[in-house]
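**Q** final_14.json is the file, holding JSON, C-alpha atoms and all ligand atoms:
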```json
[["chain", "number", "residue", "atom", "x", "y", "z"],
["A", 1, "MET", "CA", 120.97, 4.34, -98.51],
["A", 2, "ASP", "CA", 117.27, 5.04, -98.74],
["A", 3, "ASP", "CA", 117.41, 5.20, -102.49],
["A", 4, "LEU", "CA", 118.83, 1.72, -102.92],
["A", 5, "PRO", "CA", 116.47, -0.20, -105.20],
["A", 6, "PRO", "CA", 114.72, -3.40, -104.09],
["A", 7, "PRO", "CA", 116.89, -6.56, -104.30],
["A", 8, "GLY", "CA", 117.30, -7.82, -107.84],
["A", 9, "LEU", "CA", 116.55, -4.44, -109.44],
["A", 10, "GLN", "CA", 119.02, -2.09, -111.08],
["A", 11, "LYS", "CA", 117.13, 1.06, -110.18],
["A", 12, "PHE", "CA", 113.76, 2.36, -109.07],
["A", 13, "GLY", "CA", 111.39, 3.32, -111.83],
["A", 14, "GLU", "CA", 111.73, 0.37, -114.15],
["A", 15, "PRO", "CA", 108.69, -1.87, -114.39],
["A", 16, "VAL", "CA", 109.62, -5.31, -113.15],
["A", 17, "GLU", "CA", 108.23, -8.74, -113.71],
["A", 18, "SER", "CA", 108.93, -10.16, -110.29],
["A", 19, "VAL", "CA", 107.96, -9.53, -106.69],
["A", 20, "VAL", "CA", 109.35, -10.57, -103.28],
["A", 21, "LEU", "CA", 107.09, -13.23, -101.76],
["A", 22, "TRP", "CA", 109.34, -15.07, -99.35],
["A", 23, "ARG", "CA", 112.44, -14.06, -97.36],
["A", 24, "GLY", "CA", 113.82, -11.61, -99.94],
["A", 25, "ARG", "CA", 113.39, -14.11, -102.79],
["A", 26, "ARG", "CA", 111.81, -12.75, -105.94],
["A", 27, "PHE", "CA", 109.19, -14.70, -107.87],
["A", 28, "GLY", "CA", 107.81, -13.97, -111.33],
["A", 29, "LEU", "CA", 104.48, -12.13, -111.45],
["A", 30, "ASP", "CA", 103.24, -15.23, -113.26],
["A", 31, "LEU", "CA", 103.05, -16.86, -109.81],
["A", 32, "ILE", "CA", 100.45, -14.28, -108.73],
["A", 33, "ASN", "CA", 98.51, -15.03, -111.92],
["A", 34, "VAL", "CA", 98.67, -18.77, -111.26],
["A", 35, "LEU", "CA", 97.76, -18.42, -107.56],
["A", 36, "THR", "CA", 94.76, -16.28, -108.50],
["A", 37, "LEU", "CA", 93.65, -18.59, -111.27],
["A", 38, "GLY", "CA", 94.15, -21.75, -109.22],
["A", 39, "THR", "CA", 92.61, -20.63, -105.96],
["A", 40, "VAL", "CA", 89.88, -18.31, -107.15],
["A", 41, "LEU", "CA", 88.57, -19.05, -110.60],
["A", 42, "VAL", "CA", 88.72, -22.85, -110.35],
["A", 43, "PRO", "CA", 86.79, -23.05, -107.02],
["A", 44, "THR", "CA", 84.29, -20.46, -108.35],
["A", 45, "PHE", "CA", 83.47, -22.67, -111.32],
["A", 46, "VAL", "CA", 83.38, -25.83, -109.19],
["A", 47, "ILE", "CA", 80.93, -24.23, -106.73],
["A", 48, "VAL", "CA", 78.73, -22.90, -109.56],
["A", 49, "ILE", "CA", 78.68, -26.33, -111.24],
["A", 50, "LEU", "CA", 77.88, -28.09, -107.92],
["A", 51, "VAL", "CA", 74.95, -25.74, -107.36],
["A", 52, "ILE", "CA", 73.72, -26.20, -110.95],
["A", 53, "VAL", "CA", 73.79, -30.00, -110.80],
["A", 54, "GLY", "CA", 71.96, -29.85, -107.50],
["A", 55, "TRP", "CA", 74.54, -31.40, -105.22],
["A", 56, "GLN", "CA", 73.85, -31.29, -101.55],
["A", 57, "VAL", "CA", 75.48, -28.15, -100.15],
["A", 58, "TRP", "CA", 77.90, -29.59, -97.69],
["A", 59, "VAL", "CA", 78.36, -26.79, -95.17],
["A", 60, "ARG", "CA", 78.03, -26.64, -91.36],
["A", 61, "PRO", "CA", 77.16, -23.64, -89.15],
["A", 62, "ILE", "CA", 80.75, -23.59, -87.84],
["A", 63, "ASP", "CA", 82.02, -23.19, -91.43],
["A", 64, "LEU", "CA", 79.64, -20.26, -92.00],
["A", 65, "LEU", "CA", 80.73, -18.67, -88.72],
["A", 66, "MET", "CA", 84.41, -18.99, -89.69],
["A", 67, "LEU", "CA", 83.62, -17.75, -93.21],
["A", 68, "GLY", "CA", 81.78, -14.65, -91.91],
["A", 69, "THR", "CA", 84.52, -13.83, -89.39],
["A", 70, "GLY", "CA", 87.21, -14.36, -92.02],
["A", 71, "LEU", "CA", 85.40, -12.12, -94.52],
["A", 72, "LEU", "CA", 85.12, -9.31, -91.99],
["A", 73, "LEU", "CA", 88.74, -9.55, -90.81],
["A", 74, "GLY", "CA", 90.17, -10.00, -94.32],
["A", 75, "GLY", "CA", 87.82, -7.31, -95.65],
["A", 76, "PHE", "CA", 89.14, -4.74, -93.18],
["A", 77, "GLY", "CA", 92.69, -5.88, -93.99],
["A", 78, "ILE", "CA", 92.07, -4.86, -97.61],
["A", 79, "THR", "CA", 89.87, -1.75, -97.13],
["A", 80, "VAL", "CA", 91.41, -0.19, -93.99],
["A", 81, "GLY", "CA", 94.91, -1.68, -94.42],
["A", 82, "TYR", "CA", 95.93, -2.19, -98.06],
["A", 83, "HIS", "CA", 93.68, 0.56, -99.45],
["A", 84, "ARG", "CA", 93.19, 3.46, -97.02],
["A", 85, "LEU", "CA", 96.40, 3.10, -94.95],
["A", 86, "PHE", "CA", 99.08, 1.72, -97.27],
["A", 87, "THR", "CA", 97.99, 3.04, -100.70],
["A", 88, "HIS", "CA", 96.55, 6.42, -99.69],
["A", 89, "SER", "CA", 98.19, 7.15, -96.28],
["A", 90, "SER", "CA", 94.85, 8.45, -95.07],
["A", 91, "PHE", "CA", 95.78, 7.95, -91.39],
["A", 92, "ARG", "CA", 98.77, 7.03, -89.24],
["A", 93, "THR", "CA", 99.03, 4.20, -86.75],
["A", 94, "LYS", "CA", 101.30, 2.12, -84.49],
["A", 95, "PRO", "CA", 103.56, -0.55, -86.05],
["A", 96, "VAL", "CA", 101.57, -3.35, -84.41],
["A", 97, "VAL", "CA", 98.26, -2.15, -85.92],
["A", 98, "LYS", "CA", 99.94, -1.58, -89.28],
["A", 99, "GLY", "CA", 101.45, -5.08, -89.24],
["A", 100, "THR", "CA", 98.14, -6.68, -88.22],
["A", 101, "LEU", "CA", 96.24, -4.89, -91.01],
["A", 102, "GLY", "CA", 98.97, -5.91, -93.49],
["A", 103, "ILE", "CA", 98.74, -9.58, -92.48],
["A", 104, "LEU", "CA", 94.90, -9.52, -92.62],
["A", 105, "GLY", "CA", 95.15, -8.08, -96.15],
["A", 106, "ALA", "CA", 97.76, -10.64, -97.22],
["A", 107, "VAL", "CA", 95.54, -13.61, -96.30],
["A", 108, "CYS", "CA", 93.07, -12.42, -98.99],
["A", 109, "MET", "CA", 95.61, -13.52, -101.62],
["A", 110, "GLN", "CA", 95.49, -10.32, -103.64],
["A", 111, "GLY", "CA", 99.29, -10.05, -103.70],
["A", 112, "PRO", "CA", 101.83, -8.49, -101.31],
["A", 113, "ILE", "CA", 101.34, -4.89, -100.08],
["A", 114, "LEU", "CA", 103.94, -3.37, -102.45],
["A", 115, "PHE", "CA", 102.39, -5.09, -105.48],
["A", 116, "TRP", "CA", 98.76, -4.24, -104.57],
["A", 117, "CYS", "CA", 99.51, -0.59, -103.80],
["A", 118, "SER", "CA", 101.57, -0.16, -106.97],
["A", 119, "CYS", "CA", 98.61, -1.43, -109.05],
["A", 120, "HIS", "CA", 96.12, 0.73, -107.19],
["A", 121, "ARG", "CA", 98.20, 3.91, -107.39],
["A", 122, "ALA", "CA", 98.50, 3.33, -111.16],
["A", 123, "HIS", "CA", 94.69, 3.03, -111.24],
["A", 124, "HIS", "CA", 94.26, 6.44, -109.57],
["A", 125, "GLN", "CA", 96.92, 8.10, -111.72],
["A", 126, "HIS", "CA", 95.48, 6.91, -115.04],
["A", 127, "SER", "CA", 91.82, 6.21, -114.14],
["A", 128, "ASP", "CA", 89.98, 4.90, -117.21],
["A", 129, "ARG", "CA", 92.77, 6.01, -119.54],
["A", 130, "ASP", "CA", 95.85, 4.28, -120.99],
["A", 131, "GLY", "CA", 97.97, 3.01, -118.11],
["A", 132, "ASP", "CA", 95.01, 2.11, -115.86],
["A", 133, "PRO", "CA", 95.61, -1.59, -115.07],
["A", 134, "HIS", "CA", 91.92, -2.45, -114.75],
["A", 135, "SER", "CA", 89.58, -0.05, -116.53],
["A", 136, "PRO", "CA", 86.40, -1.57, -118.04],
["A", 137, "HIS", "CA", 86.28, 1.28, -120.60],
["A", 138, "LEU", "CA", 89.30, 0.65, -122.83],
["A", 139, "SER", "CA", 88.16, -2.29, -124.95],
["A", 140, "GLY", "CA", 85.87, -0.60, -127.45],
["A", 141, "ASP", "CA", 82.25, 0.56, -127.59],
["A", 142, "THR", "CA", 80.65, -2.46, -129.25],
["A", 143, "TRP", "CA", 78.82, -4.84, -126.92],
["A", 144, "ILE", "CA", 81.66, -7.37, -127.36],
["A", 145, "GLY", "CA", 84.16, -4.65, -126.43],
["A", 146, "LYS", "CA", 82.10, -3.72, -123.38],
["A", 147, "LEU", "CA", 81.91, -7.34, -122.27],
["A", 148, "ARG", "CA", 85.65, -7.75, -122.78],
["A", 149, "GLY", "CA", 86.24, -4.54, -120.82],
["A", 150, "PHE", "CA", 84.14, -5.84, -117.94],
["A", 151, "MET", "CA", 85.96, -9.20, -117.86],
["A", 152, "HIS", "CA", 89.33, -7.45, -118.01],
["A", 153, "ALA", "CA", 88.44, -5.06, -115.16],
["A", 154, "HIS", "CA", 86.95, -7.84, -113.03],
["A", 155, "PHE", "CA", 89.73, -10.46, -113.23],
["A", 156, "GLY", "CA", 91.41, -10.56, -116.65],
["A", 157, "TRP", "CA", 94.04, -8.02, -115.67],
["A", 158, "ILE", "CA", 95.29, -10.08, -112.72],
["A", 159, "VAL", "CA", 94.69, -13.57, -114.05],
["A", 160, "PHE", "CA", 96.38, -13.34, -117.45],
["A", 161, "SER", "CA", 100.09, -12.85, -117.24],
["A", 162, "GLY", "CA", 101.47, -9.84, -119.03],
["A", 163, "SER", "CA", 98.48, -7.59, -118.48],
["A", 164, "TYR", "CA", 100.21, -5.54, -115.81],
["A", 165, "ARG", "CA", 103.79, -4.94, -114.73],
["A", 166, "TYR", "CA", 104.44, -4.12, -111.10],
["A", 167, "ASN", "CA", 106.29, -0.81, -110.85],
["A", 168, "ALA", "CA", 108.50, -0.35, -107.79],
["A", 169, "SER", "CA", 108.81, 3.43, -108.23],
["A", 170, "ARG", "CA", 105.17, 3.95, -107.29],
["A", 171, "VAL", "CA", 105.73, 2.48, -103.83],
["A", 172, "HIS", "CA", 109.04, 4.11, -102.93],
["A", 173, "ASP", "CA", 107.62, 5.38, -99.61],
["A", 174, "LEU", "CA", 106.22, 1.96, -98.64],
["A", 175, "TYR", "CA", 109.43, 0.22, -99.55],
["A", 176, "ARG", "CA", 111.19, 2.28, -96.85],
["A", 177, "ASP", "CA", 108.69, 1.16, -94.20],
["A", 178, "PRO", "CA", 110.19, -1.74, -92.19],
["A", 179, "VAL", "CA", 106.74, -3.04, -91.19],
["A", 180, "VAL", "CA", 105.60, -3.26, -94.82],
["A", 181, "ARG", "CA", 108.83, -5.02, -95.77],
["A", 182, "TRP", "CA", 108.50, -7.44, -92.84],
["A", 183, "VAL", "CA", 104.93, -8.41, -93.79],
["A", 184, "ASP", "CA", 105.69, -8.68, -97.53],
["A", 185, "ASP", "CA", 108.78, -10.74, -96.89],
["A", 186, "ARG", "CA", 106.58, -13.45, -95.34],
["A", 187, "TYR", "CA", 103.70, -13.21, -97.82],
["A", 188, "LEU", "CA", 103.53, -16.94, -98.59],
["A", 189, "LEU", "CA", 103.35, -17.73, -94.85],
["A", 190, "TRP", "CA", 100.24, -15.52, -94.42],
["A", 191, "VAL", "CA", 98.62, -17.13, -97.48],
["A", 192, "PHE", "CA", 99.33, -20.58, -96.02],
["A", 193, "LEU", "CA", 97.96, -19.64, -92.57],
["A", 194, "GLY", "CA", 94.81, -18.12, -94.13],
["A", 195, "LEU", "CA", 93.99, -21.55, -95.54],
["A", 196, "ALA", "CA", 95.46, -23.72, -92.75],
["A", 197, "VAL", "CA", 93.82, -22.03, -89.72],
["A", 198, "PRO", "CA", 90.19, -22.64, -90.83],
["A", 199, "ALA", "CA", 91.15, -26.22, -91.78],
["A", 200, "LEU", "CA", 92.69, -26.76, -88.33],
["A", 201, "LEU", "CA", 89.73, -25.19, -86.49],
["A", 202, "GLY", "CA", 87.23, -27.14, -88.63],
["A", 203, "GLY", "CA", 89.11, -30.36, -87.85],
["A", 204, "LEU", "CA", 89.39, -29.66, -84.12],
["A", 205, "TRP", "CA", 85.69, -28.78, -83.93],
["A", 206, "SER", "CA", 84.55, -32.14, -85.32],
["A", 207, "GLY", "CA", 87.62, -34.24, -84.54],
["A", 208, "THR", "CA", 87.60, -35.61, -88.11],
["A", 209, "ILE", "CA", 89.59, -35.17, -91.33],
["A", 210, "GLU", "CA", 86.28, -34.48, -93.10],
["A", 211, "GLY", "CA", 85.70, -31.50, -90.77],
["A", 212, "ALA", "CA", 89.15, -30.14, -91.63],
["A", 213, "ILE", "CA", 88.40, -30.40, -95.37],
["A", 214, "GLN", "CA", 85.06, -28.61, -94.90],
["A", 215, "GLY", "CA", 86.79, -25.80, -92.97],
["A", 216, "PHE", "CA", 89.44, -25.54, -95.69],
["A", 217, "VAL", "CA", 86.90, -25.47, -98.55],
["A", 218, "TRP", "CA", 84.35, -23.04, -97.10],
["A", 219, "ALA", "CA", 86.22, -20.76, -94.70],
["A", 220, "GLY", "CA", 89.59, -21.05, -96.50],
["A", 221, "LEU", "CA", 89.03, -21.18, -100.26],
["A", 222, "GLY", "CA", 85.44, -19.87, -100.07],
["A", 223, "ARG", "CA", 86.57, -16.80, -98.16],
["A", 224, "VAL", "CA", 89.33, -16.09, -100.70],
["A", 225, "VAL", "CA", 86.88, -16.49, -103.61],
["A", 226, "LEU", "CA", 84.27, -14.12, -102.12],
["A", 227, "MET", "CA", 86.89, -11.55, -101.08],
["A", 228, "GLN", "CA", 88.48, -11.54, -104.54],
["A", 229, "HIS", "CA", 85.15, -11.03, -106.31],
["A", 230, "MET", "CA", 84.20, -8.27, -103.85],
["A", 231, "THR", "CA", 87.43, -6.36, -104.51],
["A", 232, "TRP", "CA", 87.20, -6.93, -108.26],
["A", 233, "ALA", "CA", 83.57, -5.75, -108.26],
["A", 234, "ILE", "CA", 84.76, -2.28, -107.18],
["A", 235, "ASN", "CA", 87.06, -2.23, -110.24],
["A", 236, "SER", "CA", 84.39, -3.49, -112.65],
["A", 237, "PHE", "CA", 80.85, -2.60, -111.43],
["A", 238, "GLY", "CA", 82.23, 0.40, -109.48],
["A", 239, "HIS", "CA", 83.33, 2.03, -112.75],
["A", 240, "LEU", "CA", 80.11, 1.15, -114.62],
["A", 241, "PHE", "CA", 76.96, 1.28, -112.48],
["A", 242, "GLY", "CA", 75.78, 3.90, -109.99],
["A", 243, "SER", "CA", 75.70, 7.65, -109.51],
["A", 244, "LYS", "CA", 78.42, 10.21, -110.18],
["A", 245, "PRO", "CA", 77.82, 13.17, -107.86],
["A", 246, "PHE", "CA", 81.40, 14.49, -108.11],
["A", 247, "GLU", "CA", 83.36, 15.97, -110.99],
["A", 248, "THR", "CA", 86.20, 13.47, -111.65],
["A", 249, "ASN", "CA", 88.23, 12.60, -114.77],
["A", 250, "ASP", "CA", 87.01, 9.02, -114.81],
["A", 251, "GLU", "CA", 83.92, 6.82, -114.80],
["A", 252, "SER", "CA", 83.95, 5.95, -111.08],
["A", 253, "ARG", "CA", 80.50, 5.48, -109.52],
["A", 254, "ASN", "CA", 78.83, 5.51, -106.11],
["A", 255, "ASN", "CA", 76.97, 2.25, -105.64],
["A", 256, "ARG", "CA", 75.00, 1.61, -102.44],
["A", 257, "LEU", "CA", 74.96, -2.19, -102.77],
["A", 258, "LEU", "CA", 78.75, -2.31, -103.29],
["A", 259, "ALA", "CA", 79.16, 0.09, -100.35],
["A", 260, "LEU", "CA", 77.16, -2.17, -98.02],
["A", 261, "LEU", "CA", 78.84, -5.41, -99.16],
["A", 262, "GLY", "CA", 82.27, -3.81, -99.52],
["A", 263, "LEU", "CA", 82.56, -2.19, -96.06],
["A", 264, "GLY", "CA", 82.16, 1.34, -97.47],
["A", 265, "GLU", "CA", 84.35, 0.95, -100.58],
["A", 266, "GLY", "CA", 81.38, 1.26, -102.92],
["A", 267, "TRP", "CA", 81.35, 5.07, -102.53],
["A", 268, "HIS", "CA", 83.89, 4.91, -105.29],
["A", 269, "ASN", "CA", 83.10, 8.21, -107.01],
["A", 270, "ASN", "CA", 83.55, 9.96, -103.64],
["A", 271, "HIS", "CA", 86.86, 8.13, -103.30],
["A", 272, "HIS", "CA", 88.14, 9.20, -106.73],
["A", 273, "ALA", "CA", 87.12, 12.79, -105.93],
["A", 274, "PHE", "CA", 88.97, 12.70, -102.57],
["A", 275, "PRO", "CA", 91.49, 9.81, -102.71],
["A", 276, "GLN", "CA", 93.29, 10.77, -99.49],
["A", 277, "SER", "CA", 90.17, 10.93, -97.34],
["A", 278, "ALA", "CA", 89.98, 8.13, -94.75],
["A", 279, "ARG", "CA", 86.21, 8.43, -95.02],
["A", 280, "HIS", "CA", 84.57, 7.30, -98.26],
["A", 281, "GLY", "CA", 80.94, 7.69, -97.19],
["A", 282, "ILE", "CA", 81.37, 11.45, -96.88],
["A", 283, "ARG", "CA", 77.78, 12.60, -97.29],
["A", 284, "LYS", "CA", 74.64, 12.00, -95.25],
["A", 285, "GLY", "CA", 73.16, 8.52, -95.59],
["A", 286, "GLU", "CA", 76.39, 6.93, -96.85],
["A", 287, "PRO", "CA", 77.34, 4.11, -94.43],
["A", 288, "ASP", "CA", 81.06, 3.34, -94.30],
["A", 289, "LEU", "CA", 82.01, 0.49, -91.93],
["A", 290, "SER", "CA", 85.72, 0.83, -92.70],
["A", 291, "PHE", "CA", 85.67, 4.44, -91.56],
["A", 292, "ASP", "CA", 83.73, 3.42, -88.44],
["A", 293, "LEU", "CA", 86.59, 1.03, -87.60],
["A", 294, "ILE", "CA", 89.20, 3.77, -88.21],
["A", 295, "ARG", "CA", 87.27, 6.12, -85.94],
["A", 296, "PHE", "CA", 87.00, 3.41, -83.26],
["A", 297, "LEU", "CA", 90.78, 2.81, -83.42],
["A", 298, "GLU", "CA", 91.29, 6.58, -83.21],
["A", 299, "LYS", "CA", 89.22, 6.70, -80.02],
["A", 300, "LEU", "CA", 91.44, 3.98, -78.54],
["A", 301, "GLY", "CA", 94.44, 6.18, -79.38],
["A", 302, "TRP", "CA", 95.85, 3.59, -81.80],
["A", 303, "VAL", "CA", 95.26, 5.70, -84.92],
["A", 304, "TRP", "CA", 95.85, 9.42, -85.47],
["A", 305, "ASP", "CA", 96.18, 12.11, -88.20],
["A", 306, "VAL", "CA", 92.99, 10.80, -89.83],
["A", 307, "ARG", "CA", 92.49, 12.74, -93.08],
["A", 308, "GLN", "CA", 89.00, 13.98, -93.84],
["A", 309, "VAL", "CA", 87.42, 16.44, -96.23],
["A", 310, "THR", "CA", 85.51, 19.54, -95.14],
["A", 311, "GLU", "CA", 81.91, 20.43, -96.06],
["A", 312, "LYS", "CA", 83.31, 23.28, -98.17],
["A", 313, "GLN", "CA", 85.61, 20.96, -100.18],
["A", 314, "ILE", "CA", 82.68, 18.61, -100.77],
["A", 315, "GLU", "CA", 80.48, 21.51, -101.92],
["A", 316, "GLN", "CA", 83.14, 22.80, -104.32],
["A", 317, "LYS", "CA", 83.61, 19.47, -106.09],
["A", 318, "LEU", "CA", 79.95, 18.53, -106.48],
["A", 319, "ARG", "CA", 78.88, 18.45, -110.13],
["A", 320, "LYS", "CA", 76.99, 21.51, -111.24],
["A", 321, "ARG", "CA", 73.54, 20.51, -112.36],
["B", 1, "ZN", "ZN", 88.46, 3.30, -109.31],
["B", 2, "ZN", "ZN", 92.00, 4.15, -103.94]]
```
Could the structure of this file be written out as structure tokens, please?
Ligand SMILES: [Zn+2]
Ligand SMILES: [Zn+2]

**A**
Amino acid sequence: MDDLPPPGLQKFGEPVESVVLWRGRRFGLDLINVLTLGTVLVPTFVIVILVIVGWQVWVRPIDLLMLGTGLLLGGFGITVGYHRLFTHSSFRTKPVVKGTLGILGAVCMQGPILFWCSCHRAHHQHSDRDGDPHSPHLSGDTWIGKLRGFMHAHFGWIVFSGSYRYNASRVHDLYRDPVVRWVDDRYLLWVFLGLAVPALLGGLWSGTIEGAIQGFVWAGLGRVVLMQHMTWAINSFGHLFGSKPFETNDESRNNRLLALLGLGEGWHNNHHAFPQSARHGIRKGEPDLSFDLIRFLEKLGWVWDVRQVTEKQIEQKLRKR
């Protein structure tokens, strides 16, 4: 029974062009491209143009408060949930914590858990070689090629349809997890709530429709835009700029700025050296807020079997100078 393929598929292993987004119904991956393009790139350009033409920035403290809270919650949904828990199984947890992290990740509009983890596992398997969905290094060595590589790694791979095919065989283990299936099966609901809740709170706060629109624009769309660019920056900048203390078969880098903004994910060379480790900031002076949260949840008894690397393993993999 366990080996039955996902609905609509003949068998595991074949790349597919659709993904379950709502109550077992499959949608073409084009929908993820369109959602990303419509909700992320368009508002980015609108905001940039508004700033350039000197429009009054129409934002209230309550919007900034909701934006900051949303970024932190959604950020942990992606880093602790989608990345460290679901993709790399770097710790174990209760169903309620797993479900909460899954929902917090889903509101960031980076696709359902199965889709995201399939892409990210392909990235680790083929890092910066053919088969890596978002390497900045595969578009040639001329400056045009480098620019194209950067754009592809940052958003081209997810925005333009056809650049990546979701592969169900990479997420066989997750597909068997009822919590993952439950969250993914309601993906569009979480996306809707991620935009509707800040609109509702913004409206209730001021008692006006205008307040609801401001909440929607800044803490809804604005949060999605910033979260997307943060995640994409790990794929683009995180494979281009920074230090490479560990011997890995790729161009991953440690970047302090990305680590601070990205809740610890910027220690990306560490992560490629030890993908299963729940802790990415593994050496002295490497802050890792996502790991701090995992450790806090472990102290509460909600998280266990937290995978970490030893000093000896770190020593062995450091590049010989
Ligand atoms: Zn990487
Ligand atoms: Zn990873």

**Q** Quick check, in Å to one decimal: how far apart do atom CA of Phe155 of chain A and atom CA of His134 of chain A lie?

**A**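 For atom CA of Phe155 of chain A relative to atom CA of His134 of chain A, the distance reads 8.4 Å.
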
**Q** Could you please extract the residues within 8 Å of ligand ZN 2 (chain B), counting all atoms listed in the file, and hand them back as a list in words?

**A** His83, Arg84, Thr87, His88, His120, Arg121, His123, His124, His271, His272 and Pro275 of chain A

**Q** Give me, as JSON lines, each residue of chain A that comes within 12 Å of ligand ZN 1 (chain B), together with its shortest interatomic pair and the distance in Å at one decimal, counting only C-alpha atoms and all ligand atoms, with rows ordered by chain and rising residue number.

**A**
```
{"residue": "A:His83", "atom": "CA", "partner": "B:ZN1", "partner_atom": "ZN", "distance": 11.5}
{"residue": "A:Cys119", "atom": "CA", "partner": "B:ZN1", "partner_atom": "ZN", "distance": 11.2}
{"residue": "A:His120", "atom": "CA", "partner": "B:ZN1", "partner_atom": "ZN", "distance": 8.4}
{"residue": "A:Arg121", "atom": "CA", "partner": "B:ZN1", "partner_atom": "ZN", "distance": 9.9}
{"residue": "A:Ala122", "atom": "CA", "partner": "B:ZN1", "partner_atom": "ZN", "distance": 10.2}
{"residue": "A:His123", "atom": "CA", "partner": "B:ZN1", "partner_atom": "ZN", "distance": 6.5}
{"residue": "A:His124", "atom": "CA", "partner": "B:ZN1", "partner_atom": "ZN", "distance": 6.6}
{"residue": "A:Gln125", "atom": "CA", "partner": "B:ZN1", "partner_atom": "ZN", "distance": 10.0}
{"residue": "A:His126", "atom": "CA", "partner": "B:ZN1", "partner_atom": "ZN", "distance": 9.8}
{"residue": "A:Ser127", "atom": "CA", "partner": "B:ZN1", "partner_atom": "ZN", "distance": 6.6}
{"residue": "A:Asp128", "atom": "CA", "partner": "B:ZN1", "partner_atom": "ZN", "distance": 8.2}
{"residue": "A:Arg129", "atom": "CA", "partner": "B:ZN1", "partner_atom": "ZN", "distance": 11.4}
{"residue": "A:Asp132", "atom": "CA", "partner": "B:ZN1", "partner_atom": "ZN", "distance": 9.3}
{"residue": "A:Pro133", "atom": "CA", "partner": "B:ZN1", "partner_atom": "ZN", "distance": 10.4}
{"residue": "A:His134", "atom": "CA", "partner": "B:ZN1", "partner_atom": "ZN", "distance": 8.6}
{"residue": "A:Ser135", "atom": "CA", "partner": "B:ZN1", "partner_atom": "ZN", "distance": 8.0}
{"residue": "A:Pro136", "atom": "CA", "partner": "B:ZN1", "partner_atom": "ZN", "distance": 10.2}
{"residue": "A:His137", "atom": "CA", "partner": "B:ZN1", "partner_atom": "ZN", "distance": 11.7}
{"residue": "A:Ala153", "atom": "CA", "partner": "B:ZN1", "partner_atom": "ZN", "distance": 10.2}
{"residue": "A:His154", "atom": "CA", "partner": "B:ZN1", "partner_atom": "ZN", "distance": 11.8}
{"residue": "A:Thr231", "atom": "CA", "partner": "B:ZN1", "partner_atom": "ZN", "distance": 10.8}
{"residue": "A:Trp232", "atom": "CA", "partner": "B:ZN1", "partner_atom": "ZN", "distance": 10.4}
{"residue": "A:Ala233", "atom": "CA", "partner": "B:ZN1", "partner_atom": "ZN", "distance": 10.3}
{"residue": "A:Ile234", "atom": "CA", "partner": "B:ZN1", "partner_atom": "ZN", "distance": 7.0}
{"residue": "A:Asn235", "atom": "CA", "partner": "B:ZN1", "partner_atom": "ZN", "distance": 5.8}
{"residue": "A:Ser236", "atom": "CA", "partner": "B:ZN1", "partner_atom": "ZN", "distance": 8.6}
{"residue": "A:Phe237", "atom": "CA", "partner": "B:ZN1", "partner_atom": "ZN", "distance": 9.9}
{"residue": "A:Gly238", "atom": "CA", "partner": "B:ZN1", "partner_atom": "ZN", "distance": 6.9}
{"residue": "A:His239", "atom": "CA", "partner": "B:ZN1", "partner_atom": "ZN", "distance": 6.3}
{"residue": "A:Leu240", "atom": "CA", "partner": "B:ZN1", "partner_atom": "ZN", "distance": 10.1}
{"residue": "A:Thr248", "atom": "CA", "partner": "B:ZN1", "partner_atom": "ZN", "distance": 10.7}
{"residue": "A:Asn249", "atom": "CA", "partner": "B:ZN1", "partner_atom": "ZN", "distance": 10.8}
{"residue": "A:Asp250", "atom": "CA", "partner": "B:ZN1", "partner_atom": "ZN", "distance": 8.1}
{"residue": "A:Glu251", "atom": "CA", "partner": "B:ZN1", "partner_atom": "ZN", "distance": 7.9}
{"residue": "A:Ser252", "atom": "CA", "partner": "B:ZN1", "partner_atom": "ZN", "distance": 5.5}
{"residue": "A:Arg253", "atom": "CA", "partner": "B:ZN1", "partner_atom": "ZN", "distance": 8.3}
{"residue": "A:Asn254", "atom": "CA", "partner": "B:ZN1", "partner_atom": "ZN", "distance": 10.4}
{"residue": "A:Glu265", "atom": "CA", "partner": "B:ZN1", "partner_atom": "ZN", "distance": 9.9}
{"residue": "A:Gly266", "atom": "CA", "partner": "B:ZN1", "partner_atom": "ZN", "distance": 9.8}
{"residue": "A:Trp267", "atom": "CA", "partner": "B:ZN1", "partner_atom": "ZN", "distance": 10.0}
{"residue": "A:His268", "atom": "CA", "partner": "B:ZN1", "partner_atom": "ZN", "distance": 6.3}
{"residue": "A:Asn269", "atom": "CA", "partner": "B:ZN1", "partner_atom": "ZN", "distance": 7.6}
{"residue": "A:Asn270", "atom": "CA", "partner": "B:ZN1", "partner_atom": "ZN", "distance": 10.0}
{"residue": "A:His271", "atom": "CA", "partner": "B:ZN1", "partner_atom": "ZN", "distance": 7.9}
{"residue": "A:His272", "atom": "CA", "partner": "B:ZN1", "partner_atom": "ZN", "distance": 6.4}
{"residue": "A:Ala273", "atom": "CA", "partner": "B:ZN1", "partner_atom": "ZN", "distance": 10.2}
{"residue": "A:Phe274", "atom": "CA", "partner": "B:ZN1", "partner_atom": "ZN", "distance": 11.6}
{"residue": "A:Pro275", "atom": "CA", "partner": "B:ZN1", "partner_atom": "ZN", "distance": 9.8}
```

**Q** Excluding segment 287-292 of chain A and any residue of its chain fewer than 5 positions from it, enumerate the residues within 10 Å of it, using all atoms listed in the file, and give them as a list in words.

**A**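 The contact residues come out as Gly75, Phe76, Gly77, Ile78, Thr79, Val80, Gly81, Arg84, Arg256, Ala259, Leu260, Leu261, Gly262, Leu263, Gly264, Glu265, Gly266, Trp267, Ser277, Ala278, Arg279, His280, Gly281, Ile282, Leu297, Glu298 and Val306 of chain A.
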
**Q** Which value, in Å to one decimal, gives the distance between atom CA of Pro245 of chain A and atom CA of Trp143 of chain A?

**A**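 We find that atom CA of Pro245 of chain A and atom CA of Trp143 of chain A lie 26.2 Å from each other.
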